[in-house]
Amino acid sequence: MYQSERMSATKLKNDIGVLLLNRPMSLGELAETMGIKEKKAYNLLKGMFTEERVNAFKDEDGVRRYRCTVEEAEAAAKRKAKAEKKVK
């Protein structure tokens with residue numbers, strides 16, 4: 001679980017990028033997974049959208065979901081690999 005008060009917006013955005021590598025997620029799913037409020041997740045996603053790090057789309061079930069752009073997916077994969085190396 002995240003303690004967003006202690007984490008910078010940049011760190012949280014980077015974590016969102018890594019989470020979205022696995023699958024597209026809705027605002028609620030991201031907030032729940034990260035343990036942050038939906039408003040905080042929305043503001044982070046809005047910033048990422050402006051920075052062209054994520055795209056939004058309406059899924060078959062009618063829910064808006066977010067996924068990484070190609071550039072963000074490459075950067076997030078590198079961050080994930082680096083984090084996994086630190087754990088070993």
# chains A, B, ... in the order shown; residues from 1 in each chain; ligands from 1
$ closest_atom_pairs --of "stretch 1-44 of chain A" --to "stretch 50-56 of chain A" --cutoff "12 Å" --atoms "only C-alpha atoms" --output "Markdown table"
| residue | atom | partner | partner_atom | distance |
| --- | --- | --- | --- | --- |
| A:Thr10 | CA | A:Glu51 | CA | 11.7 |
| A:Lys13 | CA | A:Arg53 | CA | 9.2 |
| A:Asn14 | CA | A:Arg53 | CA | 9.8 |
| A:Ile16 | CA | A:Val54 | CA | 9.5 |
| A:Gly17 | CA | A:Arg53 | CA | 7.9 |
| A:Val18 | CA | A:Arg53 | CA | 11.4 |
| A:Leu19 | CA | A:Val54 | CA | 11.7 |
| A:Leu20 | CA | A:Val54 | CA | 8.9 |
| A:Leu21 | CA | A:Val54 | CA | 10.8 |
| A:Pro24 | CA | A:Ala56 | CA | 9.0 |
| A:Met25 | CA | A:Ala56 | CA | 9.6 |
| A:Ser26 | CA | A:Ala56 | CA | 9.1 |
| A:Leu27 | CA | A:Ala56 | CA | 10.2 |
| A:Tyr42 | CA | A:Ala56 | CA | 11.8 |
| A:Asn43 | CA | A:Thr50 | CA | 10.6 |
| A:Leu44 | CA | A:Thr50 | CA | 10.0 |
$ select_by_dssp --residues "chain A" --states "strand (DSSP E or B)" --output "PyMOL selection string"
chain A and resi 25-26+54-58+64-68
$ write_last_selection --atoms "C-alpha atoms" --output "PDB file, in the first residue's frame"
ATOM      1  CA  MET A  25      -7.060   0.002 -15.512  1.00  0.00           C
ATOM      2  CA  SER A  26      -9.933   2.281 -14.561  1.00  0.00           C
ATOM      3  CA  VAL A  54      -1.173   7.652 -20.860  1.00  0.00           C
ATOM      4  CA  ASN A  55      -4.147   7.295 -23.173  1.00  0.00           C
ATOM      5  CA  ALA A  56      -7.766   6.892 -22.130  1.00  0.00           C
ATOM      6  CA  PHE A  57     -10.315   4.733 -23.916  1.00  0.00           C
ATOM      7  CA  LYS A  58     -13.804   3.432 -23.257  1.00  0.00           C
ATOM      8  CA  ARG A  64     -13.050   4.493 -19.129  1.00  0.00           C
ATOM      9  CA  ARG A  65      -9.674   2.811 -18.747  1.00  0.00           C
ATOM     10  CA  TYR A  66      -6.127   4.076 -19.032  1.00  0.00           C
ATOM     11  CA  ARG A  67      -3.099   2.539 -20.707  1.00  0.00           C
ATOM     12  CA  CYS A  68       0.499   3.608 -21.243  1.00  0.00           C
TER      13      CYS A  68
END
$ closest_residue --among "A:Thr69, A:Ala81, A:Asn22, A:Gly28" --to "A:Met48" --atoms "only C-alpha atoms"
A:Thr69
$ select_by_dssp --residues "chain A" --states "alpha helix (DSSP H)" --output "PyMOL selection string"
chain A and resi 9-22+27-34+38-50+70-87
$ closest_residue --among "A:Met34, A:Asp61, A:Lys85, A:Glu29" --to "A:Lys11" --atoms "only C-alpha atoms"
A:Met34
$ atom_distance --atom1 "atom CA of A:Leu45" --atom2 "atom CA of A:Lys80"
18.9 Å
